[in-house]
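Peer 1: My questions will all concern the structure given below.
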Amino acid sequence: MEHAPRDGTTSSRPDGTTDTGLPARGGPPRWAGIAATALALLPAASEIARLLQVRDMGVDFEPVRNAASALLRGDSVFSDPYFVYPPTAVPLLLPTVLGSVRTAFVCWVAAGVAALAAAAWMVGRQAPPRRRALVTALALLGMLGGVAAARSISLGNLTVFLAPAAVGILVAFRRGHWTPGCALLAATLLVKPLLAPLVLVPAAHRRWRPLAHTMLPAAALLFAAMLLIPGGTRYPAILHYVAQGTNLHGSNAVNNLSLRGWAEAHALPSLTGTAAAAAVVVFFLVRVTAVRPDPAALSAALLLTTLLASSISEVHYLLVVLAMVLVMLAPQPWRDWLPFAPGIALLALPGPYVPLVLGHQTTGQTWLVLAELLLLTALLTAPRRSIPRHSAP
């Protein structure tokens, strides 16, 4: 049985309480967390308010609505050449055809903002109780008020809805709940295969049964959708188009945040981008073998390596990356955050500050690619520490 110290003081437990059951002193007061959350939401609120006043439909929302409309008419869901999601995603998109274009887009944006806020809340729940509000505030700032959010939310892309799913997958993997984690991962692949590299995480841990029990039914569902949904048999060609970088070439290469896209945008020889991509893959393989990161860190590193080394990476992908990095860091002491601070700062800095730093004519491509590189370096070089037991259940 534990006893209170004889000097009249109370000892602090890992959950932030004392032997008396009261909160331990020394942590930030409750009002500090509330104030930090409010300040974090200010940049996001101004951006969202500006966005909701725009009458035009987001460039990535239009193909979503067109595919849903095509399904209702019985036409090919890939009639719009910019629709690149699996046919299994189309039935879920049917609500986007309700109401006017303006109403549908506003509802879509509001749902995307809610998804990002939910991901930030989930990140905060993984932190120790005394730091929970501050971690949540940081996550809200980065995922709703940062430069990546400012350049993503207005697009109306479906990627933002993957952020809370990515957090859930990493939490499940970290706790050894492989079947729920793989099931959630399989569900995301039926909507958008962005998180496909994460399949290698349970494979690396030899969790073959959870993989088989989740991925095989998902594959069967995708195959059935390809046969039953109009135009579904075109999906393999769509996947090949995505793997080639879609339309992010030529003058549009500035929107491609992969190393190959960066090289093309800067008119460098294609061999330069290929060599840089190969170097990133080698760096990943060498460091993973030496460091053996935990499942959450490995998941984030896998996705970042894929985005940098492949033919395509877009700004809205970085919101998912940021959510994964933050949920991996949430249970860790503040000192473990330091190697990640530069990369997080580049993504979480409020959007209007980037033109002030780089000039109003900048595309921000180098800024965002540098953020990817900094985060990957931190993931693969930071010392591995055990996860504190007081992380949220």
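Ordering of the structure tokens sets the chain letters (A, B, ...), residue numbers begin anew at 1 in every chain, and ligands are numbered from 1 in the order given.
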Just list as a PyMOL selection string whatever in stretch 56-102 of chain A DSSP marks as alpha helix (DSSP H).

Peer 2: chain A and resi 61-73+101-102

Peer 1: Applying 10 Å and only C-alpha atoms, which residues near A:Met122 remain after dropping the ones on its own chain fewer than 6 positions away? List them as a list in words.

Peer 2: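 The filter keeps Leu116, Thr136, Ala139, Pro164, Val167, Gly168, Val171, Ala323, Val327, Ala330 and Ala392 of chain A.
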
Peer 1: Identify which of the residues A:Leu308, A:Val106, A:Ala279, A:Val242 lies closest to A:Arg260, counting only C-alpha atoms when measuring atom-to-atom distances.

Peer 2: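 With only C-alpha atoms as the atom set, the closest residue is A:Leu308.
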
Peer 1: In terms of the shortest atom-to-atom distance over only C-alpha atoms, which of A:Gly343, A:Gly99, A:Gly145, A:Gly261 is closest to A:Leu379?

Peer 2: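 Nearest to A:Leu379: A:Gly343.
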
Peer 1: Could you please determine the separation between atom CA of A:Pro295 and atom CA of A:Ala115 in Å, to one decimal place?

Peer 2: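 Spanning atom CA of A:Pro295 to atom CA of A:Ala115 is a straight-line distance of 23.3 Å.
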
Peer 1: To one decimal place in Å, what is the distance between atom CA of A:Leu373 and atom CA of A:Lys192?

Peer 2: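 Between atom CA of A:Leu373 and atom CA of A:Lys192 the gap is 23.8 Å.
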
Peer 1: Determine the nearest neighbour of A:Leu338 from the options A:Ala120, A:Ala110, A:Leu304, A:Leu374, counting only C-alpha atoms.

Peer 2: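 That would be A:Leu374, the residue with the smallest distance to A:Leu338.
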
Peer 1: Between A:Thr188, A:Ser310, A:Gln244, A:Asn66, which is the closest to A:Val97 once you count only C-alpha atoms?

Peer 2: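 Smallest separation from A:Val97 among the options: A:Asn66.
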
Peer 1: Pick out the closest residue to A:Val191 from this set: A:Gly58, A:Pro86, A:Pro350, A:Pro333. Count only C-alpha atoms.

Peer 2: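 Closest to A:Val191, using only C-alpha atoms: A:Pro86.
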
Peer 1: For A:Ser270, please output as a VMD selection string all residues within 12 Å (counting only C-alpha atoms; exclusion window: fewer than 6 positions along the same chain).

Peer 2: chain A and resid 249 259 to 264 276 to 277 311

Peer 1: Please produce an output containing N, CA, C and O atoms for each residue in the selection, written as a short mmCIF file (atom, residue, chain, number, x, y, z; two decimals), in the first residue's frame.

Peer 2:
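What ended up in selection-v2.cif:
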```cif
data_model
loop_
_atom_site.label_atom_id
_atom_site.label_comp_id
_atom_site.auth_asym_id
_atom_site.auth_seq_id
_atom_site.Cartn_x
_atom_site.Cartn_y
_atom_site.Cartn_z
N HIS A 249 1.54 18.38 -64.09
CA HIS A 249 2.74 18.46 -64.91
C HIS A 249 2.76 19.81 -65.65
O HIS A 249 1.76 20.53 -65.65
N LEU A 259 9.05 15.19 -54.79
CA LEU A 259 10.37 15.66 -55.23
C LEU A 259 10.46 15.74 -56.75
O LEU A 259 11.11 16.63 -57.30
N ARG A 260 9.78 14.82 -57.42
CA ARG A 260 9.77 14.88 -58.88
C ARG A 260 8.99 16.10 -59.36
O ARG A 260 9.36 16.77 -60.33
N GLY A 261 7.87 16.39 -58.69
CA GLY A 261 7.10 17.56 -59.05
C GLY A 261 7.88 18.84 -58.82
O GLY A 261 7.83 19.77 -59.63
N TRP A 262 8.62 18.90 -57.70
CA TRP A 262 9.42 20.08 -57.41
C TRP A 262 10.50 20.27 -58.48
O TRP A 262 10.74 21.39 -58.95
N ALA A 263 11.16 19.18 -58.87
CA ALA A 263 12.20 19.27 -59.89
C ALA A 263 11.62 19.73 -61.22
O ALA A 263 12.21 20.58 -61.91
N GLU A 264 10.45 19.21 -61.59
CA GLU A 264 9.83 19.62 -62.85
C GLU A 264 9.41 21.08 -62.81
O GLU A 264 9.60 21.82 -63.79
N ALA A 276 16.61 12.20 -56.35
CA ALA A 276 16.20 12.67 -55.02
C ALA A 276 15.18 11.71 -54.40
O ALA A 276 15.25 11.41 -53.21
N ALA A 277 14.25 11.23 -55.23
CA ALA A 277 13.25 10.28 -54.73
C ALA A 277 13.93 8.99 -54.27
O ALA A 277 13.58 8.43 -53.21
N SER A 311 5.07 10.06 -57.69
CA SER A 311 4.87 11.08 -58.73
C SER A 311 3.89 12.16 -58.33
O SER A 311 3.68 13.10 -59.10
#
```

Peer 1: Compare A:Met143, A:Ala301, A:Ala118, A:Val123 by their minimum atom-to-atom distance to A:Val288, counting only C-alpha atoms, and give me the closest one.

Peer 2: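 Once distances to A:Val288 are computed over only C-alpha atoms, the minimum belongs to A:Ala301.
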
Peer 1: With a distance cut-off of 10 Å and only C-alpha atoms, select the neighbouring residues of A:Ala187, excluding the residue or stretch itself and same-chain residues fewer than 6 positions from it, and output the selection as a VMD selection string.

Peer 2: chain A and resid 88 to 89 165 181 193 214 to 215 218

Peer 1: Mind dumping the selected residues with N, CA, C and O atoms as a PDB file, in the first residue's frame?

Peer 2:
```pdb
ATOM      1  N   THR A  88     -16.423   2.530 -55.262  1.00  0.00           N
ATOM      2  CA  THR A  88     -17.074   2.302 -53.973  1.00  0.00           C
ATOM      3  C   THR A  88     -17.359   3.602 -53.229  1.00  0.00           C
ATOM      4  O   THR A  88     -18.201   3.638 -52.321  1.00  0.00           O
ATOM      5  N   ALA A  89     -16.663   4.675 -53.593  1.00  0.00           N
ATOM      6  CA  ALA A  89     -16.872   5.954 -52.911  1.00  0.00           C
ATOM      7  C   ALA A  89     -18.117   6.678 -53.409  1.00  0.00           C
ATOM      8  O   ALA A  89     -18.683   7.497 -52.677  1.00  0.00           O
ATOM      9  N   ALA A 165      -9.816   9.454 -39.660  1.00  0.00           N
ATOM     10  CA  ALA A 165      -9.589   8.017 -39.869  1.00  0.00           C
ATOM     11  C   ALA A 165      -8.121   7.675 -39.681  1.00  0.00           C
ATOM     12  O   ALA A 165      -7.783   6.649 -39.066  1.00  0.00           O
ATOM     13  N   GLY A 181      -7.785  -1.527 -36.430  1.00  0.00           N
ATOM     14  CA  GLY A 181      -6.975  -0.610 -37.226  1.00  0.00           C
ATOM     15  C   GLY A 181      -6.968  -0.980 -38.696  1.00  0.00           C
ATOM     16  O   GLY A 181      -7.105  -0.112 -39.577  1.00  0.00           O
ATOM     17  N   PRO A 193      -7.485   5.798 -51.877  1.00  0.00           N
ATOM     18  CA  PRO A 193      -6.365   4.937 -51.474  1.00  0.00           C
ATOM     19  C   PRO A 193      -5.123   5.689 -51.013  1.00  0.00           C
ATOM     20  O   PRO A 193      -4.005   5.201 -51.160  1.00  0.00           O
ATOM     21  N   THR A 214      -9.598  -8.252 -43.160  1.00  0.00           N
ATOM     22  CA  THR A 214     -10.123  -6.927 -43.499  1.00  0.00           C
ATOM     23  C   THR A 214      -9.895  -6.553 -44.965  1.00  0.00           C
ATOM     24  O   THR A 214     -10.789  -6.015 -45.615  1.00  0.00           O
ATOM     25  N   MET A 215      -8.714  -6.844 -45.464  1.00  0.00           N
ATOM     26  CA  MET A 215      -8.391  -6.426 -46.831  1.00  0.00           C
ATOM     27  C   MET A 215      -9.070  -7.292 -47.888  1.00  0.00           C
ATOM     28  O   MET A 215      -9.465  -6.781 -48.952  1.00  0.00           O
ATOM     29  N   ALA A 218     -12.625  -6.121 -48.324  1.00  0.00           N
ATOM     30  CA  ALA A 218     -12.598  -4.812 -48.988  1.00  0.00           C
ATOM     31  C   ALA A 218     -12.305  -4.968 -50.477  1.00  0.00           C
ATOM     32  O   ALA A 218     -12.919  -4.289 -51.316  1.00  0.00           O
TER      33      ALA A 218
END
```

Peer 1: What's around A:Leu346 at 10 Å? Count only C-alpha atoms, leave out sequence neighbours fewer than 2 positions away in its own chain, and write the answer as a list in words.

Peer 2: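 Residues meeting the cut-off are Gly142, Gly146, Val147, Ala148, Ala341, Pro342, Gly343, Ile344, Ala348, Leu349, Pro350, Gly351, Val354, Trp367, Leu368, Val369, Leu370, Ala371, Glu372, Leu374 and Leu375 of chain A.
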
Peer 1: Take the residues just selected and output them with C-alpha atoms as a CSV table (one decimal), in the first residue's frame.

Peer 2:
```
chain,number,residue,atom,x,y,z
A,142,GLY,CA,-2.3,23.4,-37.6
A,146,GLY,CA,-2.3,26.8,-40.8
A,147,VAL,CA,-1.0,27.3,-44.3
A,148,ALA,CA,-1.8,23.7,-45.4
A,341,ALA,CA,9.0,21.8,-34.4
A,342,PRO,CA,10.4,23.2,-37.7
A,343,GLY,CA,8.3,20.9,-39.9
A,344,ILE,CA,5.1,21.4,-37.9
A,348,ALA,CA,0.8,25.3,-38.9
A,349,LEU,CA,1.9,28.9,-39.5
A,350,PRO,CA,-1.2,30.9,-40.5
A,351,GLY,CA,-1.6,31.1,-44.2
A,354,VAL,CA,3.7,32.8,-46.0
A,367,TRP,CA,8.0,25.8,-48.4
A,368,LEU,CA,5.7,22.8,-48.3
A,369,VAL,CA,8.2,20.3,-49.7
A,370,LEU,CA,10.7,21.4,-47.1
A,371,ALA,CA,8.1,20.8,-44.4
A,372,GLU,CA,7.7,17.2,-45.7
A,374,LEU,CA,11.9,18.1,-42.2
A,375,LEU,CA,9.1,15.9,-40.7
```

Peer 1: If we count only C-alpha atoms, what is near A:Ala196 at a cut-off of 9 Å, once residues fewer than 4 positions away on the same chain are taken out, given as a list in words?

Peer 2: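 Once the adjacent positions are removed, what remains is Leu185, Ala186, Thr188, Leu189, Lys192, Leu200 and Leu303 of chain A.
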
Peer 1: Could you pull the residues within 12 Å of A:Gly176, counting only C-alpha atoms, minus those fewer than 6 positions along the same chain, as a list in words?

Peer 2: Ile169, Leu170, Cys182, Val201, Pro202, His205, Arg207, Pro210, Asp294, Pro295 and Ala296 of chain A
